[in-house]
Amino acid sequence: MPQLTYREAIRVGLEEALAANPETVIMGEDVGAYGGSYAVTKGFLEQYGEERIIDTPISESGFVGAGIGAAIAGMRPIVEIMTINFSLLAMDQIVNLAAKARYMSGGQMTVPLVIRTVSGGGNMLAATHSQSLEAWYARVPGIKVVTPSNPADALGLFRSAMADPNPVMYVEHSLLYGSRAEVPDEPYTVPIGSASVARPGTDVSIIAYLRMTPVALSAADILEAEGISAEVIDLRSLLPLDSGTIIDSVNRTNRAVVVEETWEFGGFAGEVIAQINERAFDSLDAPVLRVAGVNVPTPYSRPLELLTIPTAEAVADKVRSLFQA
Amino acid sequence: MPQLTYREAIRVGLEEALAANPETVIMGEDVGAYGGSYAVTKGFLEQYGEERIIDTPISESGFVGAGIGAAIAGMRPIVEIMTINFSLLAMDQIVNLAAKARYMSGGQMTVPLVIRTVSGGGNMLAATHSQSLEAWYARVPGIKVVTPSNPADALGLFRSAMADPNPVMYVEHSLLYGSRAEVPDEPYTVPIGSASVARPGTDVSIIAYLRMTPVALSAADILEAEGISAEVIDLRSLLPLDSGTIIDSVNRTNRAVVVEETWEFGGFAGEVIAQINERAFDSLDAPVLRVAGVNVPTPYSRPLELLTIPTAEAVADKVRSLFQA
Amino acid sequence: MSTQTDLTIPRAELLTLLRSMKLIRRFEERSAEHYARGNIGGFLHLYIGEEAVAVGVISLLREDDRIVTHYRDHGHALARGLDTAACMAELFGKATGVSGGKGGSMHFFDVSRGFMGGHAIVGGQMPLAVGLAFANRYRGQDSLVVCFLGDGAVNEGEFHESMNLASLWQLPVLFLLENNGFGMGTRVERASAQPVIHRLADRHNIRSRRVDNGQDVFDVREATQTAIDYIREGNGPYFLEIMTYRFRGHSMADPLEYRQQHEVEPWLDLDPIRLLTARLHESGLATPDEIDTIDADVEDEVNAAIRFALESPFPSPDELYTDVYA
Amino acid sequence: MSTQTDLTIPRAELLTLLRSMKLIRRFEERSAEHYARGNIGGFLHLYIGEEAVAVGVISLLREDDRIVTHYRDHGHALARGLDTAACMAELFGKATGVSGGKGGSMHFFDVSRGFMGGHAIVGGQMPLAVGLAFANRYRGQDSLVVCFLGDGAVNEGEFHESMNLASLWQLPVLFLLENNGFGMGTRVERASAQPVIHRLADRHNIRSRRVDNGQDVFDVREATQTAIDYIREGNGPYFLEIMTYRFRGHSMADPLEYRQQHEVEPWLDLDPIRLLTARLHESGLATPDEIDTIDADVEDEVNAAIRFALESPFPSPDELYTDVYA
Ligand SMILES: Cc1ncc(C[n+]2csc(CCOP(=O)(O)OP(=O)(O)O)c2C)c(N)n1
Ligand SMILES: Cc1ncc(C[n+]2csc(CCOP(=O)(O)OP(=O)(O)O)c2C)c(N)n1
Ligand SMILES: [Mg+2]
Ligand SMILES: [Mg+2]
């Protein structure tokens with residue numbers, strides 16, 4: 001496979017899954033006749049039929065729960081929640097059933113379910129439709145959360161998610177669907193719980209995930225021109241988190257900035273910083289800083305919305321501040 | 001008022017509110033005929049009548065949304081969600097409506113709503129009924145979250161919540177209901193967004209909230225006997241957070257431990273640590289550490305459950321570790 | 001199919017109904033243009049084809065009644081008399097918009113006119129409507145709340161919870177279901193085990209009725225008036241299911257591949273504006289000249305709105321932080 | 001009120017029904033004792049008074065059928081033949097419990113017997129049942145899923161969403177509503193605008209029926225058999241509303257102040273165990289001696305269970321970390 005878009009990479013993963021297991025179905029709102037609201041499953045209904053590509057009523061709790069039940073019965077369903085904003089309506093099923101069924105039953109139940117959903121802002125969709133809520137799920141023991149930032153990881157993580165016997169939230173970003181990059185030809189997977197060094201560097205670690213990874217990479221470009229060598233860590237999975245790669249990097253660079261698309265307050269960056277603080281405190285030459293979304297509901301108006309989301313320039317700025325002391 | 005229990009203090013607050021405003025109603029599951037599942041509203045139905053003490057059907061999204069609507073209409077309702085676990089079913093209404101109605105309408109709407117709920121574990125109620133989910137709400141711009149740890153704060157914060165024009169999640173802990181302490185006689189409030197120094201000290205700051213505050217205080221007792229003077233900060237409000245009091249304390253003590261009842265990973269402690277790291281880095285003599293719940297669904301079995309929740313001994317241990325270097 | 005022109009309606013009011021429908025139509029046609037030009041972003045859900053519903057229902061409301069609706073809200077807003085220019089400015093994300101530019105197409109608000117939004121979470125507006133109606137009842141007011149919803153919202157749990165609460169507490173709320181046959185690309189029959197949706201209301205002991213031709217503003221009004229009278233008399237909620245059709249895609253992004261031209265066409269013939277215009281002609285209640293005047297007038301109003309929107313400033317950066325808390 | 005003893009049921013089976021009901025009763029009476037002694041913690045919701053429902057329904061299931069239920073689950077578990085000692089051990093929080101001590105009273109599981117829990121979020125078990133039934137249908141299996149729920153769960157959105165999905169997809173699921181008149185302290189009439197609950201199912205085009213006397217195991221069985229046959233023939237879901245009563249409080253903490261003795265008493269007269277015993281006597285199908293033997297036998301079984309629970313070890317501390325992930 002040469003160059004694929006993020007969307008195409010996910011399609012490849014979905015098609016492999018449908019081919020591999022006749023008990024894999026895709027269910028969700030408008031995944032069939034409409035073709036998926038981000039066109040990821042376009043043409044699937046015609047190709048796989050309505051037994052396997054299932055348009056559900058708009059009832060997130062109901063169909064996510066149904067997916068959980070089908071998974072418990074031993075099927076290998078893929079449930080799509082159109083955007084992570086709507087997952088709030090299914091949150092009880094995800095948090096109280098999918099994540100806990102195995103534990104509460106003393107290990108009798110297994111929930112091999114992949115939940116695909118779309119996170120993030122930047123599309124002028126205003127407050128209810130622009131949220132990045134994956135960090136909430138990433139603190140629930142019993143589920144896993146992955147957040148691919150590029151086509152190769154998208155496919156590699158999708159394969160791992162399908163192979164995982166646990167419920168996995170597979171979180172996409174709508175502004176990445178069109179991004180195109182090389183995807184390896186040979187069979188490969190990206191293990192869940194492994195971060196990547198998206199760009200090696202020596203002076204500072206910039207830690208990011210999902211759409212903030214390309215932002216961090218651009219920041220690293222900017223900084224390189226100024227003689228600062230930034231290492232970019234792409235978390236790829238939030239739960240489990242690959243703390244080793246983070247700590248390792250910070251131990252080498254002695255400085256870190258964590259980038260997160262959404263509300264700074266109470267965000268996932270806090271966890272990353274707490275871990276660095278605890279495990280690499282003596283390596284730190286400066287406080288670990290954050291660049292994150294502004295703590296407001298997302299406004300519709302373009303110029304306002306743009307202020308809410310971290311930019312490469314803002315990341316570069318924050319990094320620079322670590323070198324002025 | 002001399003000594004009141006935490007439950008009694010909340011009752012006083014509720015009765016004041018009912019007396020102050022004829023458009024204050026209490027609605028929730030079993031707040032009336034049953035008397036409240038933790039007996040907080042016992043006798044209210046008889047006293048205030050069914051127009052104002054409203055037993056709702058078991059439909060969290062529906063009646064929380066109805067409370068939001070009544071508040072938007074200018075009433076001053078108090079909605080009770082029996083436990084915070086069930087709030088997941090109302091989360092969309094809280095996060096996407098209560099928190100955002102004002103912003104999305106460009107300031108035209110106001111949501112003067114108090115949502116009372118009960119958080120925490122320790123009652124052998126197993127995984128679905130033992131969660132502490134307040135940190136999720138404490139990251140949503142547009143709402144406020146308060147977490148009183150003692151009777152005086154319970155009443156003082158309740159008064160502030162009722163006076164606040166914004167939606168306030170008022171989070172109680174079932175294991176505190178019976179705790180008894182002095183409540184001031186004169187009219188007073190506890191401002192939302194003000195932490196308290198629950199116990200002054202010089203060597204280390206222990207930062208806690210809700211039921212972890214008494215745990216932290218016990219730890220301080222233990223440590224005092226060993227010659228370590230611990231300052232205990234009770235956050236009291238999570239959103240807005242009184243960062244000033246925290247930073248101030250750490251600047252004096254140069255060491256901090258953050259205590260949280262529930263899952264360590266991705267918890268609220270991360271936010272506290274990120275802020276300390278950013279704003280008091282140079283004061284720190286040691287990494288800021290956490291004592292938090294174990295990252296597992298809560299098991300029913302008593303000996304297992306006890307292992308999941310921080311104890312005073314565990315807090316004291318963690319503090320001691322800061323002094324061995 | 002259609003009833004007759006309701007001659008009890010004064011002529012001036014008939015022309016107002018027509019004007020209102022035409023205003024919605026032109027407002028949206030022109031928004032689509034400006035969406036294509038990039039002046040409007042996000043999702044734009046057009047109401048074109050359904051104008052008789054909003055106009056028919058809302059023309060019968062009192063000033064102290066309230067409206068809660070979903071994201072396909074331009075029609076309801078304009079029918080309620082929200083300022084056309086402020087609506088257009090909202091689409092352009094300008095500070096002068098009905099929601100200060102913070103809400104956009106899906107979140108129009110004008111509390112001074114009882115227009116309580118524009119809500120983009122499907123079904124999420126229903127508990128809000130219940131709460132507003134609860135306040136009316138608590139206060140002994142005889143004003144009511146109209147809650148618009150789409151056929152797709154019916155399958156959400158909040159639909160059920162809200163219907164139950166409204167009925168149990170006998171609240172003055174009119175649930176106004178716009179059944180346009182589809183939720184995005186999913187047909188009602190593929191989404192609802194009970195495709196005659198108002199029957200679900202019956203079972204919560206809510207009086208209900210279906211209007212078969214929601215393209216006919218007179219049919220819509222007749223049924224709505226019955227419902228309003230019923231509610232104002234203190235009988236509790238009412239559920240009206242109005243059959244209609246959206247002529248355009250779900251949003252501007254809709255590839256529209258899930259419905260066939262041959263099923264769309266009969267509906268296009270039932271254009272509510274064409275229907276009403278023909279009636280007015282037939283019954284001699286409006287001359288072609290009068291209609292031309294309305295058209296010109298609407299055109300001017302929309303042009304002025306666009307000018308206003310273009311010329312208005314964007315919100316200043318400080319606005320980012322206002323309105324988070326009261 | 002009650003029908004007759006169903007003489008088509010073999011005598012041995014009749015005695016098994018009686019024994020099963022008695023086992024549930026004694027199991028729970030003794031659990032209450034051990035709750036008071038502190039050997040059992042958390043919430044303990046007793047099923048006493050409702051035994052004819054669980055036993056009547058579950059006695060008609062096949063081994064490959066599945067059961068999903070709510071937190072008041074002891075009756076269903078024992079009726080399904082879960083090991084009595086393992087059930088008691090679960091209440092005691094022991095490693096030998098049906099859920100390894102991790103679930104407790106509200107979360108009994110035995111997947112090997114198709115007993116898919118014990119779910120404590122009201123209404124939350126319904127989508128799970130839909131999903132299990134979906135798998136049956138997808139696989140072309142004729143086994144079915146019984147989903148027990150309480151009258152209180154009916155008002156949750158998930159009830160509505162699940163009913164719609166089950167009907168739309170024609171799934172083999174039997175919704176088994178235990179209408180005991182109350183959700184905690186709230187009467188059905190105060191919680192549901194439609195207190196004849198099964199009518200809500202009708203409106204989702206789900207075949208439904210009410211059993212007026214759920215204290216009579218024969219009535220329960222007759223209706224259940226009809227429902228099961230209907231489902232196995234591939235007709236889709238069925239909804240059975242069974243009227244019953246809980247003799248005790250909602251949980252051990254319930255002050256029970258919301259219901260009056262004079263309304264409770266007539267129900268106490270309808271004790272399902274007393275009813276069945278009387279029938280067996282009248283029809284000469286069981287001698288007093290036989291009944292005494294059953295009593296003694298049940299007593300032994302429960303005693304053994306308690307002994308087992310007392311003697312079993314608590315889970316080792318490592319168990320805290322197992323079963324989080326597969
Ligand atoms: C809870 C939720 N789920 C999904 C969506 C995405 N979505 C937006 S509109 C829509 C279809 C709604 O259809 P309907 O209610 O019939 O209204 P119509 O668009 O036909 O006017 C969907 C699925 C959403 N906004 N909210
Ligand atoms: C979502 C949710 N809300 C509230 C509760 C608290 N609660 C537990 S049982 C119960 C009453 C349920 O009544 P019903 O369904 O009739 O069952 P019964 O107890 O009568 O068997 C309530 C409110 C809960 N467990 N889950
Ligand atoms: Mg529709
Ligand atoms: Mg009940």
# chains A, B, ... in the order shown; residues from 1 in each chain; ligands from 1

call {"tool": "residues_near_ligand", "arguments": {"ligand": "ligand 3", "cutoff": "7 Å", "atoms": "only C-alpha atoms and all ligand atoms", "output": "VMD selection string"}}
result
chain C and resid 150 to 152 178 to 184

call {"tool": "interface_residues", "arguments": {"of": "chain A", "to": "chain C", "cutoff": "7 Å", "atoms": "only C-alpha atoms", "output": "VMD selection string"}}
result
chain A and resid 30 33 to 34 56 to 59 123 to 126 128 296 299 to 302 304

call {"tool": "interface_residues", "arguments": {"of": "chain B", "to": "chain A", "cutoff": "7 Å", "atoms": "only C-alpha atoms", "output": "list in words"}}
result
Leu88, Leu89, Met91, Asp92, Asn96, Lys100, Tyr103, Met104, Ala127, Thr128, Trp136, Arg139, Pro141, Phe265, Gly266, Phe268, Gly270, Glu271, Ile273, Ala274, Asn277, Glu278, Phe281, Pro287, Val288, Leu289, Asn295, Val296 and Pro297 of chain B

call {"tool": "write_last_selection", "arguments": {"atoms": "N, CA and C atoms", "output": "PDB file, in the first residue's frame"}}
result
ATOM      1  N   LEU B  88     -24.647   9.659  35.027  1.00  0.00           N
ATOM      2  CA  LEU B  88     -24.201   9.384  33.658  1.00  0.00           C
ATOM      3  C   LEU B  88     -25.388   9.401  32.700  1.00  0.00           C
ATOM      4  N   LEU B  89     -26.539   9.028  33.205  1.00  0.00           N
ATOM      5  CA  LEU B  89     -27.732   9.020  32.358  1.00  0.00           C
ATOM      6  C   LEU B  89     -28.252  10.428  32.098  1.00  0.00           C
ATOM      7  N   MET B  91     -25.976  12.983  31.867  1.00  0.00           N
ATOM      8  CA  MET B  91     -24.752  13.736  31.593  1.00  0.00           C
ATOM      9  C   MET B  91     -24.907  14.632  30.378  1.00  0.00           C
ATOM     10  N   ASP B  92     -25.602  14.145  29.385  1.00  0.00           N
ATOM     11  CA  ASP B  92     -25.815  14.994  28.208  1.00  0.00           C
ATOM     12  C   ASP B  92     -26.539  16.268  28.594  1.00  0.00           C
ATOM     13  N   ASN B  96     -24.223  19.285  27.999  1.00  0.00           N
ATOM     14  CA  ASN B  96     -24.566  19.949  26.736  1.00  0.00           C
ATOM     15  C   ASN B  96     -25.673  20.988  26.853  1.00  0.00           C
ATOM     16  N   LYS B 100     -23.954  24.860  28.849  1.00  0.00           N
ATOM     17  CA  LYS B 100     -23.717  25.613  27.622  1.00  0.00           C
ATOM     18  C   LYS B 100     -24.843  26.557  27.230  1.00  0.00           C
ATOM     19  N   TYR B 103     -23.814  30.232  27.228  1.00  0.00           N
ATOM     20  CA  TYR B 103     -22.805  30.601  26.233  1.00  0.00           C
ATOM     21  C   TYR B 103     -23.394  30.561  24.820  1.00  0.00           C
ATOM     22  N   MET B 104     -24.060  29.481  24.507  1.00  0.00           N
ATOM     23  CA  MET B 104     -24.569  29.319  23.147  1.00  0.00           C
ATOM     24  C   MET B 104     -25.610  30.369  22.798  1.00  0.00           C
ATOM     25  N   ALA B 127     -19.113  -2.167  41.772  1.00  0.00           N
ATOM     26  CA  ALA B 127     -18.518  -1.300  40.750  1.00  0.00           C
ATOM     27  C   ALA B 127     -19.424  -0.202  40.220  1.00  0.00           C
ATOM     28  N   THR B 128     -20.699  -0.513  39.991  1.00  0.00           N
ATOM     29  CA  THR B 128     -21.549   0.511  39.372  1.00  0.00           C
ATOM     30  C   THR B 128     -22.046   1.546  40.361  1.00  0.00           C
ATOM     31  N   TRP B 136     -15.184  14.615  36.500  1.00  0.00           N
ATOM     32  CA  TRP B 136     -15.616  14.784  35.111  1.00  0.00           C
ATOM     33  C   TRP B 136     -16.399  16.094  34.969  1.00  0.00           C
ATOM     34  N   ARG B 139     -14.599  19.593  34.934  1.00  0.00           N
ATOM     35  CA  ARG B 139     -13.820  20.149  33.836  1.00  0.00           C
ATOM     36  C   ARG B 139     -14.714  20.769  32.775  1.00  0.00           C
ATOM     37  N   PRO B 141     -16.633  23.808  31.441  1.00  0.00           N
ATOM     38  CA  PRO B 141     -16.862  25.240  31.631  1.00  0.00           C
ATOM     39  C   PRO B 141     -18.362  25.530  31.580  1.00  0.00           C
ATOM     40  N   PHE B 265      -5.517   7.164  37.946  1.00  0.00           N
ATOM     41  CA  PHE B 265      -5.215   7.497  36.548  1.00  0.00           C
ATOM     42  C   PHE B 265      -6.239   8.490  35.990  1.00  0.00           C
ATOM     43  N   GLY B 266      -5.721   9.597  35.495  1.00  0.00           N
ATOM     44  CA  GLY B 266      -6.605  10.587  34.874  1.00  0.00           C
ATOM     45  C   GLY B 266      -7.456  11.366  35.849  1.00  0.00           C
ATOM     46  N   PHE B 268      -8.465  14.006  39.223  1.00  0.00           N
ATOM     47  CA  PHE B 268      -8.395  15.451  39.469  1.00  0.00           C
ATOM     48  C   PHE B 268      -7.040  15.844  40.055  1.00  0.00           C
ATOM     49  N   GLY B 270      -4.291  15.128  39.044  1.00  0.00           N
ATOM     50  CA  GLY B 270      -3.426  15.523  37.936  1.00  0.00           C
ATOM     51  C   GLY B 270      -3.491  17.025  37.702  1.00  0.00           C
ATOM     52  N   GLU B 271      -4.691  17.568  37.763  1.00  0.00           N
ATOM     53  CA  GLU B 271      -4.832  19.015  37.571  1.00  0.00           C
ATOM     54  C   GLU B 271      -4.092  19.775  38.673  1.00  0.00           C
ATOM     55  N   ILE B 273      -1.639  18.787  40.471  1.00  0.00           N
ATOM     56  CA  ILE B 273      -0.190  18.634  40.314  1.00  0.00           C
ATOM     57  C   ILE B 273       0.322  19.487  39.155  1.00  0.00           C
ATOM     58  N   ALA B 274      -0.427  19.521  38.070  1.00  0.00           N
ATOM     59  CA  ALA B 274       0.008  20.332  36.928  1.00  0.00           C
ATOM     60  C   ALA B 274       0.113  21.799  37.339  1.00  0.00           C
ATOM     61  N   ASN B 277       3.078  22.242  39.660  1.00  0.00           N
ATOM     62  CA  ASN B 277       4.284  22.115  38.860  1.00  0.00           C
ATOM     63  C   ASN B 277       4.577  23.400  38.102  1.00  0.00           C
ATOM     64  N   GLU B 278       3.516  23.966  37.534  1.00  0.00           N
ATOM     65  CA  GLU B 278       3.716  25.160  36.720  1.00  0.00           C
ATOM     66  C   GLU B 278       3.992  26.396  37.569  1.00  0.00           C
ATOM     67  N   PHE B 281       7.032  25.417  40.903  1.00  0.00           N
ATOM     68  CA  PHE B 281       8.109  24.466  40.600  1.00  0.00           C
ATOM     69  C   PHE B 281       9.369  24.749  41.399  1.00  0.00           C
ATOM     70  N   PRO B 287       9.159  15.738  44.340  1.00  0.00           N
ATOM     71  CA  PRO B 287       8.006  15.647  43.438  1.00  0.00           C
ATOM     72  C   PRO B 287       6.696  15.664  44.224  1.00  0.00           C
ATOM     73  N   VAL B 288       5.677  16.196  43.604  1.00  0.00           N
ATOM     74  CA  VAL B 288       4.348  16.135  44.220  1.00  0.00           C
ATOM     75  C   VAL B 288       3.813  14.723  43.994  1.00  0.00           C
ATOM     76  N   LEU B 289       3.367  14.104  45.051  1.00  0.00           N
ATOM     77  CA  LEU B 289       2.915  12.712  44.911  1.00  0.00           C
ATOM     78  C   LEU B 289       1.405  12.600  45.084  1.00  0.00           C
ATOM     79  N   ASN B 295      -6.796   1.711  40.365  1.00  0.00           N
ATOM     80  CA  ASN B 295      -7.422   1.746  39.038  1.00  0.00           C
ATOM     81  C   ASN B 295      -8.139   0.457  38.673  1.00  0.00           C
ATOM     82  N   VAL B 296      -9.145   0.132  39.437  1.00  0.00           N
ATOM     83  CA  VAL B 296      -9.962  -1.058  39.121  1.00  0.00           C
ATOM     84  C   VAL B 296     -11.427  -0.696  39.400  1.00  0.00           C
ATOM     85  N   PRO B 297     -12.348  -1.409  38.763  1.00  0.00           N
ATOM     86  CA  PRO B 297     -13.751  -1.237  39.170  1.00  0.00           C
ATOM     87  C   PRO B 297     -13.850  -1.648  40.634  1.00  0.00           C
TER      88      PRO B 297
END

call {"tool": "interface_residues", "arguments": {"of": "chain D", "to": "chain C", "cutoff": "10 Å", "atoms": "only C-alpha atoms", "output": "mmCIF file with C-alpha atoms, in the first residue's frame"}}
result
data_model
loop_
_atom_site.group_PDB
_atom_site.id
_atom_site.type_symbol
_atom_site.label_atom_id
_atom_site.label_comp_id
_atom_site.auth_asym_id
_atom_site.auth_seq_id
_atom_site.Cartn_x
_atom_site.Cartn_y
_atom_site.Cartn_z
ATOM 1 C CA VAL D 154 -40.086 1.547 32.501
ATOM 2 C CA ASN D 155 -39.625 5.280 32.744
ATOM 3 C CA GLU D 156 -35.971 5.247 31.769
ATOM 4 C CA GLY D 157 -35.082 6.141 28.215
ATOM 5 C CA GLU D 158 -33.321 2.834 27.767
ATOM 6 C CA PHE D 159 -36.634 1.059 28.128
ATOM 7 C CA HIS D 160 -37.951 2.875 25.090
ATOM 8 C CA GLU D 161 -34.778 2.516 23.063
ATOM 9 C CA SER D 162 -34.591 -1.183 23.795
ATOM 10 C CA MET D 163 -38.218 -1.862 22.972
ATOM 11 C CA ASN D 164 -37.854 -0.085 19.687
ATOM 12 C CA LEU D 165 -34.721 -1.975 18.723
ATOM 13 C CA ALA D 166 -36.138 -5.323 19.741
ATOM 14 C CA SER D 167 -39.260 -4.759 17.700
ATOM 15 C CA LEU D 168 -37.567 -3.175 14.715
ATOM 16 C CA TRP D 169 -35.093 -6.019 14.465
ATOM 17 C CA GLN D 170 -37.633 -8.680 15.460
ATOM 18 C CA GLU D 189 -49.260 5.651 39.297
ATOM 19 C CA ARG D 190 -46.996 8.444 40.499
ATOM 20 C CA ALA D 191 -44.224 7.447 38.121
ATOM 21 C CA SER D 192 -45.889 6.327 34.919
ATOM 22 C CA ALA D 193 -48.477 8.237 32.952
ATOM 23 C CA GLN D 194 -49.487 4.854 31.590
ATOM 24 C CA PRO D 195 -49.798 2.591 34.596
ATOM 25 C CA VAL D 196 -50.925 -0.362 32.499
ATOM 26 C CA ILE D 197 -47.407 -0.737 31.406
ATOM 27 C CA HIS D 198 -47.618 -3.420 28.788
ATOM 28 C CA ARG D 199 -49.615 -1.055 26.624
ATOM 29 C CA LEU D 200 -46.394 0.821 25.975
ATOM 30 C CA ALA D 201 -45.082 -2.319 24.328
ATOM 31 C CA ASP D 202 -48.107 -2.527 22.050
ATOM 32 C CA ARG D 203 -47.205 0.778 20.626
ATOM 33 C CA HIS D 204 -43.824 -0.483 19.576
ATOM 34 C CA ASN D 205 -45.717 -3.268 17.829
ATOM 35 C CA ILE D 206 -44.615 -5.756 20.435
#

call {"tool": "atom_distance", "arguments": {"atom1": "CA of Ile207 in chain B", "atom2": "CA of Glu231 in chain B"}}
result
8.3 Å

call {"tool": "select_by_dssp", "arguments": {"residues": "range 142-255 of chain C", "states": "alpha helix (DSSP H)", "output": "ChimeraX atom specification"}}
result
/C:157-168,188-191,198-202,217-232

call {"tool": "atom_distance", "arguments": {"atom1": "CA of Val57 in chain D", "atom2": "CA of Phe308 in chain D"}}
result
28.6 Å

call {"tool": "closest_residue", "arguments": {"among": "B:Ala152, B:Ile54, B:Met212, B:Val31", "to": "Ser119 in chain B", "atoms": "only C-alpha atoms"}}
result
B:Met212

call {"tool": "select_by_dssp", "arguments": {"residues": "range 88-305 of chain B", "states": "strand (DSSP E or B)", "output": "ChimeraX atom specification"}}
result
/B:114-119,144-146,168-173,180-182,196-199,204-208,230-234,237-239,256-263,289-293

call {"tool": "residues_around", "arguments": {"residues": "Lys318 in chain A", "least_positions_apart": "2", "cutoff": "8 Å", "atoms": "only C-alpha atoms", "output": "list in words"}}
result
Val257, Leu289, Arg290, Val291, Ala314, Val315, Ala316, Arg320, Ser321 and Leu322 of chain A

call {"tool": "write_last_selection", "arguments": {"atoms": "all heavy atoms", "output": "compact mmCIF listing (two decimals), in the first residue's frame"}}
result
# COMPACT_ATOMS: atom_id res chain seq x y z
N VAL A 257 6.61 19.76 27.26
CA VAL A 257 5.37 20.51 27.07
C VAL A 257 4.32 19.51 26.61
O VAL A 257 4.59 18.70 25.71
CB VAL A 257 5.56 21.62 26.01
CG1 VAL A 257 4.21 22.20 25.60
CG2 VAL A 257 6.46 22.72 26.55
N LEU A 289 5.09 22.20 31.11
CA LEU A 289 4.02 23.15 30.80
C LEU A 289 2.97 22.52 29.89
O LEU A 289 3.21 21.48 29.28
CB LEU A 289 4.61 24.40 30.16
CG LEU A 289 5.62 25.17 31.05
CD1 LEU A 289 6.10 26.41 30.32
CD2 LEU A 289 4.99 25.55 32.40
N ARG A 290 1.83 23.20 29.85
CA ARG A 290 0.75 22.72 28.99
C ARG A 290 0.40 23.74 27.92
O ARG A 290 0.44 24.95 28.19
CB ARG A 290 -0.54 22.54 29.81
CG ARG A 290 -0.48 21.44 30.81
CD ARG A 290 -1.82 21.25 31.49
NE ARG A 290 -2.00 22.16 32.61
CZ ARG A 290 -2.99 22.06 33.50
NH1 ARG A 290 -3.89 21.10 33.39
NH2 ARG A 290 -3.09 22.92 34.50
N VAL A 291 0.01 23.26 26.76
CA VAL A 291 -0.67 24.10 25.78
C VAL A 291 -1.96 23.37 25.50
O VAL A 291 -1.95 22.22 25.03
CB VAL A 291 0.13 24.25 24.49
CG1 VAL A 291 -0.58 25.22 23.55
CG2 VAL A 291 1.54 24.73 24.78
N ALA A 314 1.61 28.61 19.05
CA ALA A 314 1.43 28.65 20.50
C ALA A 314 2.30 27.60 21.19
O ALA A 314 2.86 27.85 22.27
CB ALA A 314 -0.05 28.43 20.86
N VAL A 315 2.40 26.45 20.57
CA VAL A 315 3.24 25.40 21.15
C VAL A 315 4.70 25.85 21.12
O VAL A 315 5.43 25.73 22.13
CB VAL A 315 3.06 24.06 20.38
CG1 VAL A 315 4.03 23.01 20.91
CG2 VAL A 315 1.61 23.58 20.50
N ALA A 316 5.11 26.39 20.00
CA ALA A 316 6.50 26.86 19.88
C ALA A 316 6.80 27.93 20.93
O ALA A 316 7.85 27.91 21.59
CB ALA A 316 6.74 27.40 18.47
N ARG A 320 9.58 27.86 23.77
CA ARG A 320 10.58 28.92 23.91
C ARG A 320 10.66 29.42 25.34
O ARG A 320 11.73 29.67 25.87
CB ARG A 320 10.22 30.11 23.02
CG ARG A 320 10.47 29.87 21.54
CD ARG A 320 10.08 31.11 20.72
NE ARG A 320 9.88 30.73 19.33
CZ ARG A 320 8.72 30.84 18.68
NH1 ARG A 320 7.65 31.36 19.28
NH2 ARG A 320 8.62 30.45 17.42
N SER A 321 9.49 29.53 25.98
CA SER A 321 9.47 30.07 27.34
C SER A 321 10.30 29.21 28.29
O SER A 321 10.77 29.68 29.32
CB SER A 321 8.03 30.21 27.85
OG SER A 321 7.53 28.96 28.27
N LEU A 322 10.47 27.95 27.95
CA LEU A 322 11.25 27.05 28.82
C LEU A 322 12.75 27.34 28.72
O LEU A 322 13.52 26.92 29.57
CB LEU A 322 11.03 25.59 28.43
CG LEU A 322 9.66 25.00 28.74
CD1 LEU A 322 9.60 23.58 28.22
CD2 LEU A 322 9.40 25.04 30.24

call {"tool": "residues_around", "arguments": {"residues": "Gly122 in chain B", "least_positions_apart": "4", "cutoff": "8 Å", "atoms": "only C-alpha atoms", "output": "JSON, numbers by chain"}}
result
{"B": [130, 175, 305, 306, 309]}

call {"tool": "closest_residue", "arguments": {"among": "D:Thr84, D:Thr244, D:Gln141, D:Gln125", "to": "ligand 4", "atoms": "only C-alpha atoms and all ligand atoms"}}
result
D:Thr244

call {"tool": "residues_around", "arguments": {"residues": "Glu299 in chain C", "least_positions_apart": "6", "cutoff": "12 Å", "atoms": "only C-alpha atoms", "output": "NGL selection string"}}
result
:C and (19 or 22-30 or 84 or 292-293 or 305-306)
